[in-house]
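*Asks:* This is the structure I have questions about; it appears just below.
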2 protein chains.
Amino acid sequence: MRVVIFQQRRGGVIIMSESHARQGPETRIRILDAAEKLFMEHGFDGTSMRMITSSAKVNLAAVNYHFGSKDALIQEVFRRRLSAMNKERLAALDALTEAAGGEPLKPSRIVEAFFGTSLEMAADTEHGGYTFMRLLGRTYTEPNSFVRQFLAEEYSECVERFLAELYRSLPGVPREEILWRFHFMMGATSYAIAGTDALQLFAGQFDDRDPARLMPRLMSFLLGGLRAALPDFSEQALEHRNAA
Amino acid sequence: MRVVIFQQRRGGVIIMSESHARQGPETRIRILDAAEKLFMEHGFDGTSMRMITSSAKVNLAAVNYHFGSKDALIQEVFRRRLSAMNKERLAALDALTEAAGGEPLKPSRIVEAFFGTSLEMAADTEHGGYTFMRLLGRTYTEPNSFVRQFLAEEYSECVERFLAELYRSLPGVPREEILWRFHFMMGATSYAIAGTDALQLFAGQFDDRDPARLMPRLMSFLLGGLRAALPDFSEQALEHRNAA
DNA sequence: GTATGATTCAAACGAACGTTTGAACGATAT
DNA sequence: ATATCGTTCAAACGTTCGTTTGAATCATAC
């Protein structure tokens, strides 16, 4: 009767390094990489254990041995990337606030620190960053997935700090509007990363997908939206809608 | 040996009206409504035939009898809504161009005609419009789904016409930039509709979800992004990224 | 009333699913 | 050499999947 403690994951790094790879790279990593790619392409339910293990060239039982279950594997796929990404974001924000010396930051700097990190990660096609960012984009829109709860916890601290800086940076703008616009910015960024196919389909002559140009393109759009004139909630808007 | 021709769907309306509803509303409609809701909540793969038929209170075999297969059901879920929505969009655009009498339209009008239609449909919680728009939002981000091909075909004509009007409306802006910004606008709108949970999670104090206010909110953001200053592709941008 | 043809129904089909099992393996420690 | 322990392996577990089947059920046409 073998008992495996899955909470060993963190300390397990030490064990792993002493251990021996029977067939090439570490099995855990191979599984995570394969799962990440397949989850991005086919979703969680559309990806079977057999697809993952055969793609990673490991035995079918390896996932349950190393991670415990399919759900636990999903969580680990997100954990290993999200934590680092949000740490990078917070570090960029810390650098900005320190350089500003107590003064409110420029909105453009805040937006660049947050969404620029997304784009940089998405530009990394060599180490799976691109794959992961597309997976992240499609996971946002899955309402009932248990991953949602996980994402919220992982994001909350980071988003709270960036929102606080945005509030300071735009003192004349109601916080509710900033919150909404932050939401819109996330949507635009998510599509910029994940939805290239969608754009390509109804626009055949579409060539310039140079990731180096995506950054200034997206930033122009985001900042234009963030600094746009405030919405008009008067009855004029209602008349306007009825007329249309 | 019973033979069922599934291509009867269109002419089938006549047959259906002569027919008799053995148990309340038409079985087809009940299935489509239940499937739409379940697909939105759990995705295509996460929704089983048994979930659909038990939710619609019909026999398990009813889906295969009326639609032929699960995939065909998925297509029909989209077809019955998408066609009407894009027709409405094109009608709105026709009304605008006619009123303008050959002159280029104002960008704000074009954006309102396209994305306003999305919001209006999403505001309809009584007839399933809201459910469908959320389903649509999550389907955009599923790369390998066969529905993607279907969506592209259904959208292409409509998007082409709106893009053409945007080009005419913004003669000084490179078409590639307009295309990208249209893409960004689709992302922001999709999140505005589908991603309310995401926003709520990391912003607990979030109250104002009044759909009547969403329209001017989103329009301000979209137009601000569309009319933003053009991106700077000079080497300055690269230096800037290295500095950050 | 009887034949017709569309629809519903309970039951079953083979295939694929996530997971478990116990033996085999291989490097390290004694 | 032998015992130990983490890992891999082939095989099987019970469950659920989408789909099919053939009989039962209904309103209509004759």
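The chains in the structure tokens are called A, B, ... from first to last as shown; in each chain the residues are counted from 1, and the ligands are counted from 1 in the order shown.
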With a distance cut-off of 12 Å and only C-alpha atoms (C1' of nucleotides), select the neighbouring residues of range 11-22 of chain D, excluding the residue or stretch itself and same-chain residues fewer than 6 positions from it, and output the selection as a VMD selection string.
*Replies:* (chain A and resid 60 to 61) or (chain B and resid 1 to 2 45 to 51 60 to 65 68 to 71) or (chain C and resid 9 to 23)
*Asks:* Which residues in range 2-237 of chain B does DSSP call alpha helix (DSSP H)? List them as a ChimeraX atom specification.
*Replies:* /B:12-18,27-42,49-56,62-67,70-100,107-123,129-140,146-169,175-194,196-201,211-226,235-237
*Asks:* Give me the chain D side of the contact with chain A, cut-off 12 Å, one line per residue showing its nearest atom pair and distance in Å at one decimal, counting only C-alpha atoms (C1' of nucleotides), sorted by chain and residue number, as CSV.
*Replies:*
residue,atom,partner,partner_atom,distance
D:DC5,C1',A:Arg2,CA,10.4
D:DG6,C1',A:Ser19,CA,8.1
D:DT7,C1',A:Arg22,CA,8.3
D:DT8,C1',A:Asn59,CA,7.0
D:DC9,C1',A:Asn59,CA,6.9
D:DA10,C1',A:Asn59,CA,9.5
D:DA11,C1',A:Leu60,CA,11.3
*Asks:* Kindly export the residues of the current selection with C-alpha atoms (C1' of nucleotides), as a short mmCIF file (atom, residue, chain, number, x, y, z; two decimals), in the first residue's frame.
*Replies:*
data_model
loop_
_atom_site.label_atom_id
_atom_site.label_comp_id
_atom_site.auth_asym_id
_atom_site.auth_seq_id
_atom_site.Cartn_x
_atom_site.Cartn_y
_atom_site.Cartn_z
"C1'" DC D 5 12.23 3.60 -2.28
"C1'" DG D 6 10.77 6.57 -5.98
"C1'" DT D 7 9.17 5.75 -10.49
"C1'" DT D 8 7.30 3.38 -14.61
"C1'" DC D 9 4.43 0.05 -16.69
"C1'" DA D 10 0.45 -2.87 -18.68
"C1'" DA D 11 -3.93 -4.02 -17.45
#
*Asks:* Which residues of chain C are close to chain B, meaning at most 9 Å apart when you count only C-alpha atoms (C1' of nucleotides), and how do they look as a PDB file with C-alpha atoms (C1' of nucleotides), in the first residue's frame?
*Replies:*
ATOM      1  C1'  DA C   6     -44.216  11.814 -37.383  1.00  0.00           C
ATOM      2  C1'  DT C   7     -42.774  11.672 -32.655  1.00  0.00           C
ATOM      3  C1'  DT C   8     -41.700   9.690 -28.041  1.00  0.00           C
ATOM      4  C1'  DC C   9     -39.927   6.208 -25.206  1.00  0.00           C
TER       5       DC C   9
END
*Asks:* Can you tell me, as a PyMOL selection string, what residues are no more than 10 Å from Glu103 in chain B when counting only C-alpha atoms (C1' of nucleotides), ignoring any on the same chain fewer than 4 positions away?
*Replies:* chain B and resi 97-99+168-169
